[in-house]
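Here is start_30.cif, consisting of mmCIF, C-alpha atoms:
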```cif
data_input
loop_
_atom_site.label_atom_id
_atom_site.label_comp_id
_atom_site.auth_asym_id
_atom_site.auth_seq_id
_atom_site.Cartn_x
_atom_site.Cartn_y
_atom_site.Cartn_z
CA MET A 1290 -44.28 -103.17 1.87
CA VAL A 1291 -40.86 -101.93 2.92
CA GLY A 1292 -39.28 -104.73 0.88
CA VAL A 1293 -41.14 -103.65 -2.23
CA LYS A 1294 -40.16 -100.04 -1.71
CA SER A 1295 -36.54 -101.01 -1.17
CA GLY A 1296 -36.52 -103.06 -4.35
CA THR A 1297 -38.14 -100.23 -6.24
CA TRP A 1298 -35.29 -97.91 -5.31
CA VAL A 1299 -32.42 -100.40 -5.43
CA CYS A 1300 -33.04 -101.56 -8.99
CA PRO A 1301 -33.04 -98.06 -10.55
CA LEU A 1302 -30.01 -97.18 -8.46
CA ILE A 1303 -28.09 -100.25 -9.64
CA CYS A 1304 -29.19 -99.65 -13.21
CA LEU A 1305 -28.16 -96.00 -13.00
CA LEU A 1306 -24.75 -96.86 -11.58
CA TYR A 1307 -24.26 -99.47 -14.29
CA LEU A 1308 -25.26 -96.95 -16.96
CA LEU A 1309 -22.89 -94.32 -15.58
CA ALA A 1310 -20.07 -96.83 -15.44
CA PHE A 1311 -20.75 -97.85 -19.02
CA LEU A 1312 -20.83 -94.25 -20.20
CA GLN A 1313 -17.56 -93.51 -18.43
CA VAL A 1314 -15.85 -96.38 -20.20
CA GLU A 1315 -17.51 -95.72 -23.54
CA GLY A 1316 -16.81 -91.98 -23.43
CA ASP A 1317 -13.49 -92.58 -21.70
CA ASN A 1318 -13.34 -89.19 -20.01
CA VAL A 1319 -9.71 -88.60 -19.13
CA PRO A 1320 -8.33 -86.02 -16.67
CA MET A 1321 -5.76 -83.53 -17.88
CA THR A 1322 -2.19 -83.60 -16.57
CA LEU A 1323 -0.62 -80.14 -16.31
CA LEU A 1324 3.17 -80.33 -16.43
CA LYS A 1325 3.83 -77.47 -14.03
CA SER A 1326 7.37 -78.71 -13.42
CA ALA A 1327 8.17 -78.07 -17.09
CA VAL A 1328 7.73 -74.32 -16.69
CA ALA A 1329 11.10 -74.06 -14.94
CA GLU A 1330 12.69 -75.57 -18.04
CA GLY A 1331 10.99 -73.05 -20.28
CA ALA A 1332 8.72 -75.73 -21.76
CA VAL A 1333 5.49 -73.77 -22.04
CA CYS A 1334 2.58 -72.95 -24.32
CA LEU A 1335 2.50 -69.76 -26.38
CA ASP A 1336 1.17 -67.79 -23.38
CA GLY A 1337 3.67 -69.24 -20.91
CA SER A 1338 1.22 -71.66 -19.29
CA PRO A 1339 2.24 -75.28 -18.56
CA PRO A 1340 1.95 -77.90 -21.31
CA ALA A 1341 -0.65 -80.62 -20.89
CA TYR A 1342 -1.62 -84.12 -21.86
CA HIS A 1343 -4.24 -86.75 -21.00
CA LEU A 1344 -3.31 -90.29 -19.98
CA SER A 1345 -5.57 -93.32 -19.63
CA PRO A 1346 -3.44 -96.09 -18.05
CA GLY A 1347 -3.14 -99.46 -19.75
CA SER A 1348 -4.25 -102.73 -18.26
CA GLY A 1349 -3.89 -106.47 -18.73
CA SER A 1350 -2.10 -107.37 -21.93
CA GLY A 1351 -1.77 -103.67 -22.79
CA ALA A 1352 -0.07 -102.58 -19.57
CA ASN A 1353 3.32 -102.16 -21.28
CA ASN A 1354 2.02 -100.82 -24.58
CA TRP A 1355 1.78 -97.11 -25.38
CA LEU A 1356 -0.30 -95.14 -27.87
CA VAL A 1357 0.71 -91.48 -27.94
CA PHE A 1358 -1.58 -89.29 -30.04
CA VAL A 1359 -0.89 -85.63 -30.86
CA GLU A 1360 -3.74 -83.14 -31.16
CA GLY A 1361 -4.08 -81.12 -34.36
CA GLY A 1362 -4.89 -77.46 -34.77
CA GLY A 1363 -3.07 -75.67 -37.58
CA TRP A 1364 -0.06 -73.37 -37.24
CA CYS A 1365 0.59 -69.70 -36.56
CA SER A 1366 2.97 -67.94 -38.93
CA THR A 1367 2.66 -64.36 -37.68
CA VAL A 1368 2.99 -62.68 -34.32
CA GLU A 1369 -0.57 -61.44 -34.61
CA TYR A 1370 -2.04 -64.89 -35.14
CA CYS A 1371 0.09 -66.42 -32.39
CA VAL A 1372 -1.12 -63.70 -30.00
CA GLU A 1373 -4.69 -64.57 -30.97
CA ARG A 1374 -4.05 -68.21 -30.10
CA LYS A 1375 -2.96 -67.22 -26.59
CA SER A 1376 -6.60 -66.54 -25.79
CA ASN A 1377 -7.79 -70.04 -26.68
CA PHE A 1378 -6.80 -73.67 -26.18
CA ARG A 1379 -4.54 -73.62 -29.23
CA GLY A 1380 -2.07 -71.48 -27.32
CA SER A 1381 -2.85 -71.84 -23.63
CA SER A 1382 -3.57 -74.67 -21.22
CA LYS A 1383 -5.69 -72.18 -19.26
CA HIS A 1384 -8.36 -72.49 -21.92
CA MET A 1385 -8.21 -76.21 -22.69
CA PRO A 1386 -11.64 -77.88 -22.39
CA PRO A 1387 -12.10 -81.39 -20.97
CA LEU A 1388 -11.43 -84.29 -23.32
CA SER A 1389 -13.05 -87.66 -23.77
CA PHE A 1390 -11.27 -90.40 -25.67
CA SER A 1391 -12.86 -92.03 -28.70
CA GLY A 1392 -11.89 -93.75 -31.92
CA MET A 1393 -8.26 -94.80 -31.85
CA LEU A 1394 -7.99 -93.67 -28.22
CA GLY A 1395 -11.23 -95.31 -27.11
CA GLY A 1396 -11.27 -97.70 -24.19
CA VAL A 1397 -13.92 -100.16 -25.41
CA GLN A 1398 -12.67 -103.39 -26.96
CA LYS A 1399 -15.52 -103.72 -29.45
CA SER A 1400 -14.90 -100.33 -31.02
CA ASN A 1401 -11.10 -100.29 -30.65
CA PRO A 1402 -9.96 -103.92 -30.43
CA ASP A 1403 -6.25 -103.41 -31.00
CA PHE A 1404 -5.50 -100.51 -28.66
CA TYR A 1405 -8.34 -100.28 -26.12
CA ASN A 1406 -6.27 -101.49 -23.14
CA TRP A 1407 -3.00 -99.76 -24.00
CA ASN A 1408 -1.66 -96.74 -22.13
CA ARG A 1409 -3.40 -94.10 -24.24
CA VAL A 1410 -2.11 -90.53 -24.30
CA LYS A 1411 -3.34 -87.41 -26.04
CA ILE A 1412 -0.87 -84.53 -26.14
CA ARG A 1413 -2.50 -81.10 -26.22
CA TYR A 1414 -1.22 -78.80 -28.93
CA CYS A 1415 -0.46 -75.27 -27.76
CA ASP A 1416 2.74 -74.09 -29.47
CA GLY A 1417 1.55 -73.38 -33.02
CA ALA A 1418 4.45 -75.05 -34.85
CA SER A 1419 4.05 -78.82 -34.46
CA PHE A 1420 6.37 -78.86 -31.43
CA THR A 1421 9.41 -77.53 -33.30
CA GLY A 1422 10.00 -74.00 -31.97
CA ASP A 1423 12.69 -73.02 -29.47
CA ILE A 1424 13.48 -69.35 -28.84
CA GLU A 1425 14.82 -68.32 -25.44
CA THR A 1426 13.98 -64.62 -25.70
CA VAL A 1427 10.43 -63.51 -24.92
CA ASP A 1428 9.27 -60.16 -26.28
CA PRO A 1429 7.57 -58.37 -23.36
CA ALA A 1430 5.28 -56.56 -25.80
CA THR A 1431 3.64 -59.84 -26.89
CA ASP A 1432 4.71 -62.25 -24.13
CA LEU A 1433 4.86 -65.00 -26.74
CA HIS A 1434 6.83 -68.13 -25.92
CA PHE A 1435 8.02 -70.15 -28.92
CA ARG A 1436 8.99 -73.32 -27.06
CA GLY A 1437 7.30 -76.22 -28.82
CA ALA A 1438 10.42 -78.38 -29.01
CA ARG A 1439 10.95 -77.99 -25.27
CA VAL A 1440 7.32 -78.93 -24.63
CA TRP A 1441 7.79 -82.10 -26.67
CA ARG A 1442 10.91 -83.09 -24.74
CA ALA A 1443 9.28 -82.34 -21.38
CA ILE A 1444 6.20 -84.44 -22.13
CA MET A 1445 8.31 -87.32 -23.43
CA LYS A 1446 10.44 -87.17 -20.28
CA ASP A 1447 7.33 -87.32 -18.09
CA LEU A 1448 5.80 -90.22 -20.00
CA LEU A 1449 9.05 -92.18 -19.89
CA ALA A 1450 9.10 -91.75 -16.11
CA LYS A 1451 5.53 -93.05 -15.94
CA GLY A 1452 6.47 -96.33 -17.59
CA MET A 1453 6.93 -95.62 -21.29
CA ASN A 1454 10.63 -96.40 -20.84
CA LYS A 1455 9.55 -100.04 -20.47
CA ALA A 1456 7.31 -100.07 -23.53
CA GLU A 1457 7.08 -103.33 -25.42
CA ASN A 1458 4.88 -101.86 -28.16
CA ALA A 1459 4.46 -98.18 -29.00
CA LEU A 1460 2.59 -96.18 -31.61
CA LEU A 1461 2.97 -92.44 -32.14
CA GLY A 1462 0.02 -90.92 -33.97
CA GLY A 1463 -1.60 -87.59 -34.68
CA CYS A 1464 -4.18 -85.71 -36.71
CA SER A 1465 -3.41 -82.90 -39.19
CA ALA A 1466 -0.85 -80.63 -37.48
CA GLY A 1467 -0.49 -83.49 -35.03
CA GLY A 1468 0.04 -85.84 -37.96
CA LEU A 1469 2.85 -83.63 -39.16
CA THR A 1470 4.24 -83.67 -35.62
CA THR A 1471 4.23 -87.46 -35.82
CA ILE A 1472 6.30 -87.41 -39.01
CA LEU A 1473 8.75 -84.82 -37.70
CA HIS A 1474 9.31 -86.53 -34.35
CA CYS A 1475 9.03 -90.18 -35.37
CA ASP A 1476 12.75 -90.91 -35.38
CA SER A 1477 13.37 -89.17 -32.06
CA PHE A 1478 10.39 -90.98 -30.51
CA ARG A 1479 11.86 -94.28 -31.61
CA SER A 1480 15.24 -93.41 -30.10
CA LEU A 1481 13.69 -92.85 -26.65
CA LEU A 1482 12.27 -96.35 -26.34
CA PRO A 1483 13.87 -99.74 -25.68
CA ALA A 1484 15.63 -101.23 -28.70
CA SER A 1485 13.49 -104.35 -28.28
CA ALA A 1486 10.23 -102.40 -28.51
CA LYS A 1487 8.05 -102.50 -31.62
CA VAL A 1488 7.61 -98.83 -32.58
CA LYS A 1489 5.70 -97.31 -35.48
CA CYS A 1490 4.31 -93.88 -36.37
CA PHE A 1491 0.87 -93.09 -37.79
CA SER A 1492 0.00 -89.79 -39.46
CA ASP A 1493 -3.73 -89.16 -39.97
CA ALA A 1494 -4.27 -86.43 -42.58
CA GLY A 1495 -0.79 -85.11 -41.86
CA TYR A 1496 1.07 -86.01 -45.05
CA PHE A 1497 1.17 -82.70 -46.90
CA ILE A 1498 2.75 -82.70 -50.33
CA ASP A 1499 4.68 -79.95 -52.08
CA ALA A 1500 2.35 -78.96 -54.91
CA LYS A 1501 1.11 -75.75 -56.46
CA ASP A 1502 -2.16 -74.19 -55.35
CA ILE A 1503 -5.11 -73.44 -57.65
CA SER A 1504 -3.50 -70.21 -58.84
CA GLY A 1505 -0.36 -72.06 -59.90
CA ALA A 1506 1.71 -70.48 -57.13
CA ASP A 1507 3.82 -72.03 -54.38
CA SER A 1508 2.14 -69.71 -51.88
CA ILE A 1509 2.13 -72.08 -48.93
CA GLN A 1510 5.90 -72.42 -49.05
CA SER A 1511 6.16 -68.78 -48.00
CA PHE A 1512 3.64 -69.43 -45.22
CA TYR A 1513 5.70 -72.26 -43.83
CA GLY A 1514 8.85 -70.28 -44.32
CA ASP A 1515 7.28 -67.75 -41.97
CA VAL A 1516 6.40 -70.49 -39.45
CA VAL A 1517 9.94 -71.86 -39.44
CA LYS A 1518 11.45 -68.37 -39.13
CA LEU A 1519 9.08 -67.13 -36.42
CA HIS A 1520 9.47 -70.21 -34.22
CA ALA A 1521 13.13 -70.93 -35.09
CA SER A 1522 12.07 -74.42 -36.07
CA ALA A 1523 14.88 -75.37 -38.43
CA ASN A 1524 17.16 -76.79 -35.77
CA ASN A 1525 14.42 -79.09 -34.50
CA LEU A 1526 13.40 -80.61 -37.82
CA PRO A 1527 14.75 -84.02 -38.87
CA SER A 1528 18.26 -83.60 -40.27
CA SER A 1529 17.49 -86.35 -42.77
CA CYS A 1530 15.03 -83.88 -44.33
CA THR A 1531 16.74 -80.52 -43.84
CA SER A 1532 19.99 -81.87 -45.28
CA ARG A 1533 18.18 -82.29 -48.60
CA LEU A 1534 15.40 -79.68 -48.56
CA PRO A 1535 14.82 -76.16 -47.21
CA ALA A 1536 13.19 -76.22 -43.78
CA SER A 1537 10.14 -74.35 -45.10
CA LYS A 1538 9.12 -77.11 -47.54
CA ILE A 1539 6.99 -78.95 -45.01
CA ARG A 1540 3.54 -78.79 -46.50
CA ASN A 1541 1.27 -77.41 -49.21
CA ILE A 1542 -2.46 -76.73 -49.50
CA LEU A 1543 -4.43 -76.73 -52.74
CA VAL A 1544 -6.74 -73.80 -51.93
CA PRO A 1545 -5.16 -71.35 -49.49
CA THR A 1546 -7.02 -68.09 -48.86
CA SER A 1547 -4.33 -66.18 -50.74
CA ALA A 1548 -5.17 -68.10 -53.92
CA ASP A 1549 -8.94 -67.69 -53.56
CA ARG A 1550 -9.51 -64.04 -52.69
CA ASN A 1551 -13.08 -64.10 -54.04
CA ASN A 1552 -13.93 -67.22 -52.03
CA THR A 1553 -15.15 -69.06 -55.11
CA TRP A 1554 -14.06 -72.30 -53.45
CA GLY A 1555 -15.75 -71.52 -50.14
CA ASP A 1556 -18.75 -73.84 -50.50
CA CYS A 1557 -16.73 -76.56 -52.21
CA LYS A 1558 -14.18 -76.66 -49.37
CA LEU A 1559 -16.97 -77.20 -46.84
CA ASP A 1560 -19.07 -79.64 -48.86
CA ILE A 1561 -17.70 -81.50 -51.86
CA LYS A 1562 -21.24 -81.97 -53.19
CA LYS A 1563 -21.30 -78.22 -53.83
CA CYS A 1564 -18.19 -78.29 -56.01
CA SER A 1565 -18.55 -77.39 -59.68
CA GLN A 1566 -17.41 -79.78 -62.38
CA ASP A 1567 -14.31 -77.66 -62.94
CA GLN A 1568 -13.52 -77.75 -59.23
CA LEU A 1569 -14.00 -81.51 -59.10
CA GLN A 1570 -11.66 -81.87 -62.05
CA THR A 1571 -9.07 -79.79 -60.18
CA LEU A 1572 -9.49 -81.98 -57.10
CA GLN A 1573 -9.01 -85.11 -59.16
CA GLY A 1574 -5.85 -83.61 -60.61
CA PHE A 1575 -4.60 -82.95 -57.09
CA ARG A 1576 -5.42 -86.55 -56.18
CA THR A 1577 -3.17 -87.74 -58.98
CA THR A 1578 -0.37 -85.43 -57.83
CA PHE A 1579 -0.82 -86.64 -54.25
CA LEU A 1580 -0.69 -90.32 -55.21
CA ASN A 1581 2.47 -89.71 -57.22
CA ALA A 1582 4.08 -88.14 -54.15
CA LEU A 1583 3.41 -91.11 -51.86
CA PRO A 1584 6.37 -93.17 -50.63
CA GLY A 1585 7.18 -96.24 -52.64
CA ALA A 1586 6.33 -99.80 -51.76
CA GLY A 1587 9.89 -100.72 -50.83
CA SER A 1588 9.10 -101.54 -47.20
CA SER A 1589 6.19 -103.48 -45.73
CA SER A 1590 6.43 -101.22 -42.67
CA THR A 1591 5.10 -98.32 -44.75
CA GLY A 1592 1.33 -98.53 -44.75
CA LEU A 1593 -1.23 -96.49 -46.67
CA PHE A 1594 -4.96 -95.89 -46.26
CA ILE A 1595 -5.91 -93.25 -48.83
CA LEU A 1596 -9.65 -92.60 -48.68
CA SER A 1597 -11.55 -90.49 -51.23
CA CYS A 1598 -14.14 -89.26 -48.73
CA HIS A 1599 -14.36 -85.49 -48.24
CA ALA A 1600 -12.92 -85.56 -44.72
CA HIS A 1601 -9.84 -84.56 -42.82
CA CYS A 1602 -9.02 -86.72 -39.76
CA GLN A 1603 -10.77 -90.02 -39.05
CA SER A 1604 -8.83 -91.73 -36.25
CA GLY A 1605 -10.30 -89.75 -33.37
CA ASP A 1606 -13.99 -90.49 -33.96
CA ALA A 1607 -15.66 -93.80 -33.12
CA ASP A 1608 -18.02 -93.40 -36.08
CA THR A 1609 -15.18 -93.29 -38.59
CA TRP A 1610 -12.62 -95.49 -36.81
CA PHE A 1611 -14.13 -98.96 -36.36
CA ALA A 1612 -17.92 -98.77 -36.47
CA ALA A 1613 -20.11 -101.10 -38.51
CA ASP A 1614 -20.74 -98.30 -40.99
CA SER A 1615 -17.37 -96.54 -40.89
CA PRO A 1616 -15.88 -95.49 -44.26
CA ARG A 1617 -14.09 -98.42 -45.87
CA ILE A 1618 -11.71 -99.44 -48.60
CA ASP A 1619 -12.11 -103.05 -49.74
CA ASN A 1620 -14.56 -103.49 -46.86
CA THR A 1621 -11.85 -102.49 -44.39
CA PRO A 1622 -12.31 -99.52 -42.00
CA ILE A 1623 -9.28 -97.45 -41.08
CA GLY A 1624 -9.24 -98.91 -37.55
CA LYS A 1625 -8.70 -102.43 -38.87
CA ALA A 1626 -6.21 -101.26 -41.50
CA VAL A 1627 -4.07 -99.52 -38.86
CA GLY A 1628 -4.18 -102.59 -36.62
CA ASP A 1629 -3.25 -104.91 -39.50
CA TRP A 1630 -0.38 -102.60 -40.42
CA TYR A 1631 0.93 -102.18 -36.88
CA PHE A 1632 0.82 -105.86 -35.97
CA ASP A 1633 2.01 -107.02 -39.41
CA ARG A 1634 -1.11 -109.13 -39.88
CA SER A 1635 -0.80 -108.48 -43.62
CA SER A 1636 2.34 -108.52 -45.69
CA ALA A 1637 1.62 -104.93 -46.71
CA VAL A 1638 -1.28 -102.58 -45.99
CA ARG A 1639 -1.45 -100.20 -48.92
CA LYS A 1640 -5.09 -99.39 -49.58
CA ILE A 1641 -5.85 -96.64 -52.07
CA ASP A 1642 -9.47 -95.74 -52.73
CA CYS A 1643 -11.07 -95.22 -56.14
CA PRO A 1644 -11.65 -91.57 -57.17
CA TYR A 1645 -14.53 -89.61 -55.63
CA PRO A 1646 -17.53 -90.22 -55.65
CA CYS A 1647 -17.27 -94.00 -56.07
CA ASN A 1648 -17.05 -94.91 -52.36
CA THR A 1649 -20.60 -95.14 -50.98
CA SER A 1650 -19.36 -95.63 -47.40
CA CYS A 1651 -18.34 -91.95 -47.35
CA ARG A 1652 -21.85 -91.08 -46.15
CA ARG A 1653 -20.68 -91.49 -42.55
CA VAL A 1654 -18.12 -88.70 -42.77
CA ALA A 1655 -19.29 -85.25 -41.72
CA THR A 1656 -17.33 -82.09 -42.54
CA ASP A 1657 -17.95 -80.70 -39.04
CA SER A 1658 -15.83 -83.50 -37.62
CA MET A 1659 -12.71 -82.21 -39.32
CA GLU A 1660 -9.81 -81.07 -37.15
CA ASP A 1661 -7.42 -78.43 -38.50
#
```
Step by step, read the file and then write its structure as structure tokens.
Amino acid sequence: MVGVKSGTWVCPLICLLYLLAFLQVEGDNVPMTLLKSAVAEGAVCLDGSPPAYHLSPGSGSGANNWLVFVEGGGWCSTVEYCVERKSNFRGSSKHMPPLSFSGMLGGVQKSNPDFYNWNRVKIRYCDGASFTGDIETVDPATDLHFRGARVWRAIMKDLLAKGMNKAENALLGGCSAGGLTTILHCDSFRSLLPASAKVKCFSDAGYFIDAKDISGADSIQSFYGDVVKLHASANNLPSSCTSRLPASKIRNILVPTSADRNNTWGDCKLDIKKCSQDQLQTLQGFRTTFLNALPGAGSSSTGLFILSCHAHCQSGDADTWFAADSPRIDNTPIGKAVGDWYFDRSSAVRKIDCPYPCNTSCRRVATDSMED
């Protein structure tokens, strides 16, 4: 009788522990590292709080490989908006919620076969200018700290001390504003690592072209001019770019609020199925402009995965990264395309989707999964 009772309890307990262990690996909950030591160097978030990142250590064959992914979250171009961000996780580590890793950062081999056992890092974004600002003076009236470039250097320094200085393979990636961060800091990231290391940079929904908005204006150029001026970003942008272009010409958006005062594009921006025929025609025209602005095919190290689904970032979600029904181009999900590109398994990975709405795999992409 006691034996039966013991077995009755032991089995559910073992099963529960197994389930919890599985969920921990599958969800890959990762503790947050607060870089309190960086505060003395002035490397802080907008509100003066310490910068932060999450690190899941590598193992086995991935012990000396590093995937560093930068969080997205837009930009603040005015003092008022930057002050607003101080009260949330976009501007303060005091308000950053817990993070679980998924998609490209996931720790399960089946759903992330190329990077699951690497050292996986997610850098929290709290400076409002893609880690480019650096102003010493702090206005006591706002207590705003524009120190993104210092935050970047402090986090890199900490990761190098934790073993990234011995990296054999490394991949810098990011979504949206984090994708732009990846582009802006790619060269400097490469310079920090061993010359023998294989290093590439991956920008997910962070390649923003210089094109006119729906009103025919270059309105977003002024917005980014304000970002660069407010954060004093110019000195921390790649000289290979600023030697040829003004520092404000970083990005453009087709439908900024300033060009759509009556919000006629409101529903279309949230759900492409609600776009009118005229709006769809405008979107297709922007697609053509975007494709014409892509880098040429001169180097096999330059990869492309241009999907026509109405979505923003796709690398951070298991459903869109490498699932059986993830969005695909030529039957290839983005997770496989990125792996093929990084490891040079194909001579060139340059996949460009047919125009919307031809891709039926887009059904898996939800607009609420978009990251600014």
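Distance annotation: of A:Cys1475, A:Val1368, A:Ala1466, A:Phe1594, the residue with the minimal separation from Ser1529 in chain A is A:Cys1475; atom set is only C-alpha atoms.
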With 9 Å as the threshold, what does the neighbourhood of (-1.2, -86.5, -40.8) contain in terms of residues, counting all atoms listed in the file? Coordinates are those of the file; answer as a PyMOL selection string. chain A and resi 1361+1462-1472+1491-1497+1602
Non-local contacts of range 1635-1643 of chain A (9 Å; only C-alpha atoms; under 4 positions in same chain excluded) as a ChimeraX atom specification: /A:1580,1586,1588-1598,1617-1619,1626-1627,1629-1630,1647-1648
Expressed in Å to a single decimal, how great is the separation between CA of Met1321 in chain A and CA of Arg1413 in chain A?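 Between CA of Met1321 in chain A and CA of Arg1413 in chain A the gap is 9.3 Å.
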Give me the residues within 9 Å of Ser1504 in chain A as a VMD selection string, counting all atoms listed in the file and dropping any in the same chain fewer than 6 places off. chain A and resid 1543 to 1544 1548 to 1549
Counting all atoms listed in the file, what is within 12 Å of Cys1334 in chain A, bar same-chain residues fewer than 5 positions away, as an mmCIF file with C-alpha atoms, in the coordinates of the input?
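part-v6.cif written:
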```cif
data_model
loop_
_atom_site.group_PDB
_atom_site.id
_atom_site.type_symbol
_atom_site.label_atom_id
_atom_site.label_comp_id
_atom_site.auth_asym_id
_atom_site.auth_seq_id
_atom_site.Cartn_x
_atom_site.Cartn_y
_atom_site.Cartn_z
ATOM 1 C CA LEU A 1323 -0.620 -80.140 -16.310
ATOM 2 C CA LEU A 1324 3.170 -80.330 -16.430
ATOM 3 C CA LYS A 1325 3.830 -77.470 -14.030
ATOM 4 C CA ALA A 1327 8.170 -78.070 -17.090
ATOM 5 C CA VAL A 1328 7.730 -74.320 -16.690
ATOM 6 C CA PRO A 1339 2.240 -75.280 -18.560
ATOM 7 C CA PRO A 1340 1.950 -77.900 -21.310
ATOM 8 C CA ALA A 1341 -0.650 -80.620 -20.890
ATOM 9 C CA CYS A 1371 0.090 -66.420 -32.390
ATOM 10 C CA VAL A 1372 -1.120 -63.700 -30.000
ATOM 11 C CA ARG A 1374 -4.050 -68.210 -30.100
ATOM 12 C CA LYS A 1375 -2.960 -67.220 -26.590
ATOM 13 C CA SER A 1376 -6.600 -66.540 -25.790
ATOM 14 C CA ASN A 1377 -7.790 -70.040 -26.680
ATOM 15 C CA PHE A 1378 -6.800 -73.670 -26.180
ATOM 16 C CA ARG A 1379 -4.540 -73.620 -29.230
ATOM 17 C CA GLY A 1380 -2.070 -71.480 -27.320
ATOM 18 C CA SER A 1381 -2.850 -71.840 -23.630
ATOM 19 C CA SER A 1382 -3.570 -74.670 -21.220
ATOM 20 C CA LYS A 1383 -5.690 -72.180 -19.260
ATOM 21 C CA HIS A 1384 -8.360 -72.490 -21.920
ATOM 22 C CA MET A 1385 -8.210 -76.210 -22.690
ATOM 23 C CA ARG A 1413 -2.500 -81.100 -26.220
ATOM 24 C CA TYR A 1414 -1.220 -78.800 -28.930
ATOM 25 C CA CYS A 1415 -0.460 -75.270 -27.760
ATOM 26 C CA ASP A 1416 2.740 -74.090 -29.470
ATOM 27 C CA GLY A 1417 1.550 -73.380 -33.020
ATOM 28 C CA ALA A 1418 4.450 -75.050 -34.850
ATOM 29 C CA SER A 1419 4.050 -78.820 -34.460
ATOM 30 C CA PHE A 1420 6.370 -78.860 -31.430
ATOM 31 C CA GLY A 1422 10.000 -74.000 -31.970
ATOM 32 C CA ASP A 1423 12.690 -73.020 -29.470
ATOM 33 C CA ASP A 1432 4.710 -62.250 -24.130
ATOM 34 C CA LEU A 1433 4.860 -65.000 -26.740
ATOM 35 C CA HIS A 1434 6.830 -68.130 -25.920
ATOM 36 C CA PHE A 1435 8.020 -70.150 -28.920
ATOM 37 C CA ARG A 1436 8.990 -73.320 -27.060
ATOM 38 C CA GLY A 1437 7.300 -76.220 -28.820
ATOM 39 C CA ALA A 1438 10.420 -78.380 -29.010
ATOM 40 C CA ARG A 1439 10.950 -77.990 -25.270
ATOM 41 C CA VAL A 1440 7.320 -78.930 -24.630
ATOM 42 C CA TRP A 1441 7.790 -82.100 -26.670
ATOM 43 C CA ALA A 1443 9.280 -82.340 -21.380
#
```
Can you list, as JSON, numbers by chain, every protein, DNA or RNA residue that comes within 10 Å of Gly1452 in chain A when you count all atoms listed in the file, leaving out same-chain residues fewer than 6 positions away? {"A": [1346, 1352, 1353, 1354, 1355, 1408]}
